[in-house]
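Just data.txt here, compact mmCIF, C-alpha atoms and all ligand atoms:
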```
# COMPACT_ATOMS: atom_id res chain seq x y z
CA MET A 1 -40.74 65.74 51.96
CA GLN A 2 -43.56 66.03 54.45
CA SER A 3 -46.33 63.55 53.76
CA ALA A 4 -49.86 64.66 54.44
CA LEU A 5 -51.55 61.79 56.22
CA SER A 6 -55.32 61.81 56.44
CA ILE A 7 -56.72 59.73 59.30
CA THR A 8 -60.48 59.28 59.56
CA CYS A 9 -62.98 57.23 61.55
CA ASP A 10 -66.23 58.81 60.41
CA PHE A 11 -67.80 55.49 59.41
CA ASP A 12 -69.50 52.39 60.83
CA SER A 13 -67.62 51.24 63.98
CA GLY A 14 -64.92 53.87 63.51
CA ASN A 15 -63.03 55.00 66.61
CA ILE A 16 -59.86 57.07 66.86
CA VAL A 17 -58.71 60.49 68.06
CA VAL A 18 -55.83 62.03 66.12
CA LEU A 19 -53.38 63.81 68.42
CA ASP A 20 -50.56 64.42 65.95
CA ALA A 21 -50.23 63.04 62.43
CA SER A 22 -47.49 65.38 61.20
CA GLN A 23 -44.70 62.77 61.49
CA PRO A 24 -45.37 59.48 59.64
CA GLN A 25 -42.72 57.80 61.82
CA ASN A 26 -44.58 58.85 64.96
CA VAL A 27 -48.33 59.18 64.45
CA ARG A 28 -49.85 59.82 67.84
CA LEU A 29 -53.42 58.61 68.38
CA ALA A 30 -55.85 57.86 71.19
CA ILE A 31 -58.89 55.60 71.53
CA ARG A 32 -62.17 57.39 72.31
CA PRO A 33 -64.24 56.06 75.27
CA ASP A 34 -67.72 54.61 74.86
CA THR A 35 -70.63 57.05 75.14
CA ARG A 36 -71.56 57.68 78.82
CA SER A 37 -68.99 55.12 79.93
CA PRO A 38 -65.27 55.12 80.71
CA HIS A 39 -64.72 51.85 78.79
CA PHE A 40 -62.48 51.82 75.72
CA GLN A 41 -60.40 49.35 73.77
CA TRP A 42 -61.91 49.07 70.28
CA PHE A 43 -60.27 51.12 67.52
CA HIS A 44 -60.90 51.27 63.79
CA PHE A 45 -59.61 53.94 61.42
CA LYS A 46 -58.50 54.64 57.88
CA VAL A 47 -55.19 56.19 56.85
CA GLU A 48 -54.77 57.83 53.45
CA GLY A 49 -51.84 59.58 51.83
CA MET A 50 -49.13 57.14 52.91
CA GLN A 51 -45.85 56.78 51.04
CA VAL A 52 -45.65 53.23 49.66
CA GLY A 53 -42.70 51.30 51.12
CA GLU A 54 -41.84 53.88 53.78
CA THR A 55 -42.00 53.01 57.42
CA HIS A 56 -45.01 54.39 59.28
CA THR A 57 -45.44 54.01 63.00
CA PHE A 58 -48.75 54.46 64.80
CA SER A 59 -49.00 54.86 68.53
CA LEU A 60 -52.22 54.37 70.55
CA THR A 61 -51.02 56.56 73.36
CA ASN A 62 -53.75 55.77 75.92
CA ALA A 63 -53.60 51.97 75.60
CA SER A 64 -52.46 51.51 79.19
CA GLU A 65 -55.63 53.25 80.45
CA SER A 66 -57.97 51.01 78.44
CA SER A 67 -60.49 48.63 80.00
CA TYR A 68 -58.20 45.60 79.73
CA ASN A 69 -54.63 46.80 79.74
CA ARG A 70 -53.22 43.26 79.89
CA ALA A 71 -54.85 42.72 76.53
CA TRP A 72 -52.06 44.50 74.66
CA THR A 73 -49.24 42.14 75.60
CA GLY A 74 -49.00 39.46 72.94
CA TYR A 75 -51.50 41.30 70.75
CA ASN A 76 -51.02 42.37 67.12
CA ALA A 77 -53.34 44.89 65.45
CA VAL A 78 -55.21 43.96 62.26
CA ALA A 79 -54.91 45.86 58.99
CA SER A 80 -56.44 45.75 55.53
CA TYR A 81 -55.86 47.52 52.20
CA ASP A 82 -59.37 46.80 50.90
CA HIS A 83 -61.45 46.39 54.10
CA LYS A 84 -62.02 42.74 53.08
CA THR A 85 -58.77 40.84 53.64
CA TRP A 86 -57.30 41.46 57.07
CA PHE A 87 -53.83 40.60 58.33
CA ARG A 88 -51.89 41.18 61.53
CA VAL A 89 -49.22 43.86 61.83
CA PRO A 90 -46.40 43.47 64.38
CA SER A 91 -47.35 45.47 67.46
CA HIS A 92 -45.59 46.29 70.68
CA PHE A 93 -46.99 47.47 74.01
CA ASP A 94 -44.42 49.56 75.86
CA GLY A 95 -46.35 49.77 79.11
CA LYS A 96 -48.07 52.98 78.06
CA ALA A 97 -48.82 52.90 74.33
CA LEU A 98 -49.53 50.22 71.75
CA ASN A 99 -47.22 50.84 68.80
CA PHE A 100 -47.44 49.25 65.37
CA THR A 101 -45.36 49.78 62.29
CA CYS A 102 -46.03 49.12 58.62
CA SER A 103 -44.37 49.77 55.28
CA PRO A 104 -47.51 49.90 53.18
CA GLU A 105 -48.00 48.42 49.73
CA HIS A 106 -50.72 50.97 48.99
CA SER A 107 -51.29 54.58 49.96
CA GLN A 108 -54.37 53.75 52.05
CA ILE A 109 -54.96 51.23 54.80
CA TRP A 110 -57.43 50.46 57.56
CA PHE A 111 -56.45 49.42 61.05
CA ALA A 112 -58.73 47.86 63.67
CA TYR A 113 -58.70 46.00 66.96
CA PHE A 114 -60.24 42.98 65.20
CA GLU A 115 -61.62 42.23 61.74
CA PRO A 116 -64.77 44.40 61.81
CA TYR A 117 -68.18 42.93 61.13
CA SER A 118 -69.88 45.81 59.35
CA ARG A 119 -73.48 46.95 59.51
CA GLU A 120 -73.60 46.47 55.75
CA ARG A 121 -72.55 42.83 56.11
CA HIS A 122 -75.09 42.40 58.92
CA ASP A 123 -77.84 43.54 56.55
CA TRP A 124 -76.57 41.14 53.89
CA LEU A 125 -76.47 38.32 56.45
CA MET A 126 -80.08 38.93 57.43
CA GLY A 127 -81.00 38.53 53.76
CA GLN A 128 -79.02 35.29 53.60
CA ALA A 129 -80.68 34.02 56.76
CA LEU A 130 -84.20 34.74 55.51
CA ASN A 131 -83.83 33.90 51.83
CA GLU A 132 -81.16 31.18 51.74
CA ALA A 133 -81.05 29.58 55.18
CA GLY A 134 -84.80 29.29 55.68
CA THR A 135 -85.08 31.20 58.92
CA GLU A 136 -88.09 33.32 59.74
CA LEU A 137 -88.07 36.76 61.30
CA LEU A 138 -89.88 36.04 64.55
CA ALA A 139 -89.66 39.53 66.06
CA THR A 140 -87.62 42.70 65.79
CA GLY A 141 -86.39 44.54 68.86
CA LYS A 142 -85.20 48.13 68.83
CA SER A 143 -81.98 49.49 70.25
CA VAL A 144 -81.81 52.74 72.23
CA GLU A 145 -81.28 54.64 68.97
CA GLY A 146 -83.92 52.68 67.09
CA ARG A 147 -81.76 50.20 65.18
CA ASP A 148 -83.31 46.80 64.46
CA ILE A 149 -82.45 43.74 66.54
CA PRO A 150 -83.76 40.79 64.54
CA LEU A 151 -84.74 37.55 66.29
CA LEU A 152 -84.61 34.73 63.75
CA ARG A 153 -85.99 31.21 64.12
CA LYS A 154 -84.98 28.16 62.15
CA GLY A 155 -87.75 25.62 62.61
CA ASP A 156 -91.50 25.59 62.89
CA GLY A 157 -91.98 26.03 66.64
CA ALA A 158 -93.84 22.69 66.89
CA PRO A 159 -94.65 21.46 70.41
CA GLY A 160 -91.97 19.26 71.91
CA LYS A 161 -89.09 20.73 69.94
CA ARG A 162 -86.06 21.83 72.00
CA LYS A 163 -85.50 25.58 71.95
CA VAL A 164 -81.85 26.44 71.40
CA TRP A 165 -80.97 30.12 71.73
CA ILE A 166 -77.76 31.70 70.41
CA ILE A 167 -77.18 35.42 70.88
CA ALA A 168 -74.09 37.45 69.95
CA GLN A 169 -72.20 40.70 70.34
CA GLN A 170 -73.78 42.07 73.51
CA HIS A 171 -70.38 43.70 73.85
CA PRO A 172 -70.22 45.74 70.67
CA GLY A 173 -66.44 45.66 70.19
CA GLU A 174 -66.49 41.85 70.09
CA HIS A 175 -66.95 41.60 66.35
CA MET A 176 -65.89 37.93 66.25
CA ALA A 177 -69.30 37.19 67.74
CA GLU A 178 -71.23 38.14 64.63
CA TRP A 179 -68.66 36.36 62.46
CA PHE A 180 -69.60 33.31 64.53
CA MET A 181 -73.28 33.93 63.74
CA GLU A 182 -72.47 34.10 60.04
CA GLY A 183 -70.94 30.64 60.49
CA VAL A 184 -74.19 29.41 62.06
CA ILE A 185 -76.25 30.78 59.18
CA GLU A 186 -73.80 29.40 56.57
CA ARG A 187 -74.16 25.95 58.09
CA LEU A 188 -77.96 26.25 58.03
CA LYS A 189 -77.69 27.04 54.32
CA GLU A 190 -75.66 23.87 53.75
CA HIS A 191 -78.40 21.86 55.48
CA ASP A 192 -76.23 18.74 55.77
CA ALA A 193 -77.34 15.51 57.46
CA GLN A 194 -76.15 16.59 60.93
CA VAL A 195 -78.05 19.86 60.68
CA GLN A 196 -81.15 18.05 59.46
CA ALA A 197 -80.95 15.71 62.45
CA LEU A 198 -80.57 18.68 64.81
CA LEU A 199 -83.52 20.48 63.29
CA ALA A 200 -85.71 17.39 63.53
CA SER A 201 -85.58 17.78 67.32
CA ALA A 202 -84.81 21.46 67.90
CA ASP A 203 -85.61 24.96 66.74
CA LEU A 204 -82.84 27.55 66.70
CA TYR A 205 -83.57 31.03 68.03
CA LEU A 206 -80.86 33.41 66.82
CA VAL A 207 -80.06 37.02 67.71
CA PRO A 208 -77.05 37.72 65.49
CA HIS A 209 -76.33 41.17 66.90
CA MET A 210 -77.49 42.39 70.32
CA ASN A 211 -75.86 45.82 70.35
CA PRO A 212 -76.02 47.58 66.97
CA ASP A 213 -75.75 51.10 68.46
CA GLY A 214 -72.57 50.32 70.35
CA ALA A 215 -70.99 48.65 67.34
CA PHE A 216 -71.90 51.53 65.04
CA HIS A 217 -70.36 54.07 67.42
CA GLY A 218 -67.14 52.10 67.79
CA HIS A 219 -67.75 51.15 71.43
CA LEU A 220 -66.00 48.36 73.24
CA ARG A 221 -68.51 47.49 75.89
CA THR A 222 -71.77 49.45 76.12
CA ASN A 223 -74.93 50.48 74.32
CA ALA A 224 -75.86 54.09 73.49
CA GLN A 225 -76.90 54.68 77.13
CA GLY A 226 -73.53 53.58 78.46
CA LYS A 227 -75.03 50.28 79.70
CA ASP A 228 -73.04 47.05 79.64
CA LEU A 229 -75.74 44.72 78.31
CA ASN A 230 -74.11 41.65 79.83
CA ARG A 231 -74.54 43.23 83.25
CA ALA A 232 -78.22 44.03 82.72
CA TRP A 233 -80.02 40.67 82.85
CA GLN A 234 -81.65 41.20 86.25
CA ASP A 235 -82.67 44.82 85.89
CA SER A 236 -83.06 45.56 82.17
CA THR A 237 -85.42 48.39 81.29
CA PRO A 238 -87.00 49.59 78.03
CA GLU A 239 -85.20 52.93 78.48
CA LEU A 240 -81.66 51.94 79.44
CA SER A 241 -81.24 48.43 78.02
CA PRO A 242 -84.11 47.77 75.59
CA GLU A 243 -81.90 45.26 73.75
CA VAL A 244 -81.85 42.87 76.72
CA TYR A 245 -85.43 43.69 77.71
CA PHE A 246 -86.59 42.58 74.26
CA VAL A 247 -84.74 39.26 74.28
CA LYS A 248 -85.87 38.40 77.81
CA GLN A 249 -89.49 38.98 76.78
CA GLN A 250 -89.08 36.72 73.75
CA MET A 251 -87.47 34.00 75.89
CA GLU A 252 -90.44 34.11 78.26
CA ARG A 253 -92.74 33.75 75.31
CA TYR A 254 -91.05 30.79 73.63
CA GLY A 255 -89.00 29.11 76.36
CA VAL A 256 -85.33 28.09 76.47
CA ASP A 257 -83.78 24.59 76.53
CA MET A 258 -80.23 25.70 75.76
CA PHE A 259 -78.53 29.09 75.69
CA LEU A 260 -75.25 30.18 74.16
CA ASP A 261 -74.02 33.78 74.51
CA VAL A 262 -71.17 34.52 72.09
CA HIS A 263 -68.34 36.89 73.09
CA GLY A 264 -64.70 37.79 72.56
CA ASP A 265 -62.07 37.98 75.30
CA GLU A 266 -59.37 40.63 75.16
CA GLU A 267 -56.72 38.89 77.27
CA ILE A 268 -56.85 35.09 77.03
CA PRO A 269 -55.37 33.60 73.81
CA TYR A 270 -57.71 30.59 73.71
CA VAL A 271 -61.35 29.73 73.03
CA PHE A 272 -63.24 28.73 76.17
CA THR A 273 -66.64 28.71 77.84
CA ALA A 274 -67.90 30.06 81.14
CA ALA A 275 -70.89 28.43 82.80
CA CYS A 276 -73.35 28.47 85.70
CA GLU A 277 -71.43 26.80 88.56
CA GLY A 278 -71.90 29.86 90.81
CA ASN A 279 -75.68 30.04 90.41
CA PRO A 280 -77.73 29.56 93.59
CA GLY A 281 -79.94 27.02 91.81
CA TYR A 282 -77.18 25.19 89.92
CA THR A 283 -78.27 21.63 89.12
CA ASP A 284 -76.40 18.36 88.64
CA GLN A 285 -77.88 18.15 85.17
CA GLN A 286 -76.43 21.55 84.26
CA LYS A 287 -73.04 20.41 85.52
CA THR A 288 -73.21 17.21 83.47
CA LEU A 289 -74.32 19.04 80.32
CA GLU A 290 -71.57 21.68 80.64
CA ALA A 291 -68.91 18.98 80.93
CA ASP A 292 -70.42 17.05 78.05
CA PHE A 293 -70.47 20.12 75.79
CA ARG A 294 -66.85 20.98 76.60
CA ALA A 295 -65.60 17.43 76.12
CA ARG A 296 -67.33 17.05 72.79
CA LEU A 297 -66.21 20.42 71.39
CA SER A 298 -62.59 20.04 72.51
CA GLY A 299 -62.61 16.56 70.96
CA LEU A 300 -63.82 18.00 67.68
CA THR A 301 -61.49 20.96 67.16
CA LYS A 302 -58.15 22.37 68.33
CA ASP A 303 -59.93 25.72 68.38
CA PHE A 304 -61.57 24.88 71.70
CA GLN A 305 -60.01 23.87 75.00
CA THR A 306 -60.78 23.56 78.72
CA ARG A 307 -57.45 24.35 80.45
CA TYR A 308 -57.65 28.14 80.23
CA GLY A 309 -60.59 30.39 81.04
CA TYR A 310 -62.08 32.54 83.76
CA PRO A 311 -61.76 31.58 87.44
CA LYS A 312 -64.85 29.61 88.45
CA SER A 313 -67.45 31.36 90.60
CA ALA A 314 -67.83 29.96 94.11
CA PRO A 315 -71.17 28.21 94.75
CA GLY A 316 -73.93 30.78 95.07
CA LYS A 317 -71.61 33.68 94.22
CA ALA A 318 -72.31 34.11 90.51
CA ASN A 319 -73.06 37.54 89.11
CA MET A 320 -76.68 37.02 88.14
CA ASN A 321 -76.66 40.08 85.89
CA LEU A 322 -74.72 38.07 83.29
CA ALA A 323 -76.87 36.58 80.53
CA CYS A 324 -75.44 33.09 80.94
CA ASN A 325 -76.13 32.93 84.67
CA SER A 326 -79.50 34.65 84.49
CA VAL A 327 -80.86 32.44 81.71
CA GLY A 328 -79.36 29.29 83.25
CA GLU A 329 -81.04 30.06 86.57
CA ARG A 330 -84.40 30.96 85.07
CA TYR A 331 -84.70 27.97 82.70
CA LYS A 332 -82.46 25.43 84.48
CA CYS A 333 -80.88 24.53 81.16
CA LEU A 334 -77.43 24.24 79.64
CA SER A 335 -76.29 27.88 79.52
CA LEU A 336 -72.84 28.98 78.40
CA THR A 337 -70.82 32.04 77.55
CA LEU A 338 -68.53 31.27 74.62
CA GLU A 339 -65.36 33.39 74.49
CA MET A 340 -63.12 33.69 71.42
CA PRO A 341 -59.79 35.54 71.52
CA PHE A 342 -58.88 38.94 70.13
CA LYS A 343 -55.28 37.68 69.97
CA ASP A 344 -54.99 34.14 68.65
CA ASN A 345 -55.58 30.58 69.75
CA ASP A 346 -52.15 29.66 71.10
CA ASP A 347 -52.92 25.95 70.59
CA ALA A 348 -53.16 26.52 66.83
CA PRO A 349 -51.64 29.92 66.07
CA ASP A 350 -51.88 31.60 62.69
CA PRO A 351 -49.27 34.39 62.52
CA LEU A 352 -50.84 35.90 59.40
CA THR A 353 -54.38 36.40 60.71
CA GLY A 354 -54.40 35.52 64.38
CA TRP A 355 -57.93 34.64 65.44
CA SER A 356 -60.16 35.85 62.60
CA GLY A 357 -63.64 36.09 61.20
CA ALA A 358 -63.14 32.91 59.16
CA ARG A 359 -62.00 30.97 62.21
CA SER A 360 -64.98 32.24 64.19
CA MET A 361 -67.24 30.93 61.43
CA ARG A 362 -65.55 27.53 61.43
CA LEU A 363 -65.96 27.28 65.18
CA ALA A 364 -69.69 27.89 64.73
CA HIS A 365 -69.88 24.87 62.40
CA ASP A 366 -68.35 22.70 65.12
CA VAL A 367 -70.58 24.13 67.83
CA LEU A 368 -73.68 23.24 65.78
CA THR A 369 -72.34 19.70 65.43
CA VAL A 370 -72.01 19.43 69.20
CA ILE A 371 -75.49 20.84 69.81
CA GLY A 372 -76.81 18.28 67.33
CA GLU A 373 -75.09 15.47 69.24
CA MET A 374 -76.50 16.69 72.54
CA VAL A 375 -80.01 17.68 71.55
CA SER A 376 -81.63 14.51 72.89
CA VAL A 377 -80.16 14.99 76.37
CA LEU A 378 -80.77 18.75 76.82
CA ARG A 379 -83.87 17.94 78.91
ZN ZN A 401 -68.02 40.13 76.00
```

Represent the structure of the file as structure tokens.
Amino acid sequence: MQSALSITCDFDSGNIVVLDASQPQNVRLAIRPDTRSPHFQWFHFKVEGMQVGETHTFSLTNASESSYNRAWTGYNAVASYDHKTWFRVPSHFDGKALNFTCSPEHSQIWFAYFEPYSRERHDWLMGQALNEAGTELLATGKSVEGRDIPLLRKGDGAPGKRKVWIIAQQHPGEHMAEWFMEGVIERLKEHDAQVQALLASADLYLVPHMNPDGAFHGHLRTNAQGKDLNRAWQDSTPELSPEVYFVKQQMERYGVDMFLDVHGDEEIPYVFTAACEGNPGYTDQQKTLEADFRARLSGLTKDFQTRYGYPKSAPGKANMNLACNSVGERYKCLSLTLEMPFKDNDDAPDPLTGWSGARSMRLAHDVLTVIGEMVSVLR
């Protein structure tokens, strides 16, 4: 019997091109590039009409041409029957295509590159932040296509308070970044003693989602103009990168005493940070604070480490278009890029979920603890 598979991606953060779905044992697919950009890696689609218990094999035939083709080795795709609970499915990269197989328990299933953080959940989170976590909506930027970019503040903005900025998901396919922000907001709701101590000395400035257009369109890397926002911090414009332009304006208005830019890394199976060592104006205090942050966070959780990460920039050779470097140079403060894996943390692997939304949230709890411990030495 020929099954009639229906494969769709016409929804928030959907991305797939169906080449041939006539054979359930060999469904041939491709990932669609970002708008006005050759980047691609993120995929997210729904399959209906599957035969329960039968083997189905899906092949992402252009995986080897994606932005990070080393990302597929050691990677397992995520799947869900209800778009709420996500699990990993065994996947194999054959040098050309990423192939994954499942014998489904239900006739419909979603697959994605990582547990998606939906626009709907973003809207819910903003409600939680404003109504339950006591943040205020300080300003609202607009994306290229006019989507809101809320800037939230927890704290009263009183003189003398440290200004701690956390922004997330400049790269729209890095959905773990907004899961992290949900963890921040959850912890603010709990309002435990450590958070109270932090907030006595610091205000938090939060941009939970920098790139709503890119995420909606199922992009990996760019906004609706094809701009990589984390390569736009020297030359952002209201036309091409209004998302960055907005946040830079707000930083000038309020100031910055610490900056954390939250990302996901396609290749490295660990959580790590990148910092400002290549900046022309790199200071001894920045160096000390970076080391302090890393030591404290790795002491607190197995979900952070310092052995693996990006090669360090040579002195004076940093790419100043990156948010971390640009903000660190401008404000001479602790400034970090935080990278979480798409694969798993190999120091504490979870074969069922790999790295996940829940683990991103837990990491945020620990990061807030560290910021609380360090708040008195940030300046
Ligand atoms: Zn990124």

Pick out the closest residue to ligand ZN 401 (chain A) from this set: A:Gly278, A:Gly264, A:Gly127, A:Gly53. Count all atoms listed in the file.
->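 Between A:Gly278, A:Gly264, A:Gly127, A:Gly53, the residue approaching ligand ZN 401 (chain A) most closely is A:Gly264.
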
What residues have an atom no more than 9 Å from (-71.6, 52.5, 63.7) in the file's own frame, counting all atoms listed in the file, and can you write them as a list of chain:residue names?
A:Asp10, A:Phe11, A:Asp12, A:Ser13, A:Gly14, A:Ser118, A:Arg119, A:Pro212, A:Asp213, A:Gly214, A:Ala215, A:Phe216, A:His217, A:Gly218, A:His219

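Interatomic distance, atom CA of A:Arg379 against atom CA of A:Thr283: 12.2 Å.
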
- Message: Give me, as a ChimeraX atom specification, the set of residues whose atoms come within 10 Å of any atom of ligand ZN 401 (chain A), counting all atoms listed in the file.
- Response: /A:168-175,177,220-221,228-230,261-266,337-340

To one decimal place in Å, what is the distance between atom CA of A:Glu267 and atom CA of A:Arg70?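 Distance between the two atoms: 6.2 Å.
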
Nearest to A:Val375 by atom-to-atom distance, counting all atoms listed in the file, from A:Leu336, A:Trp355, A:Leu199, A:Leu240: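 Closest residue, counting all atoms listed in the file: A:Leu199.
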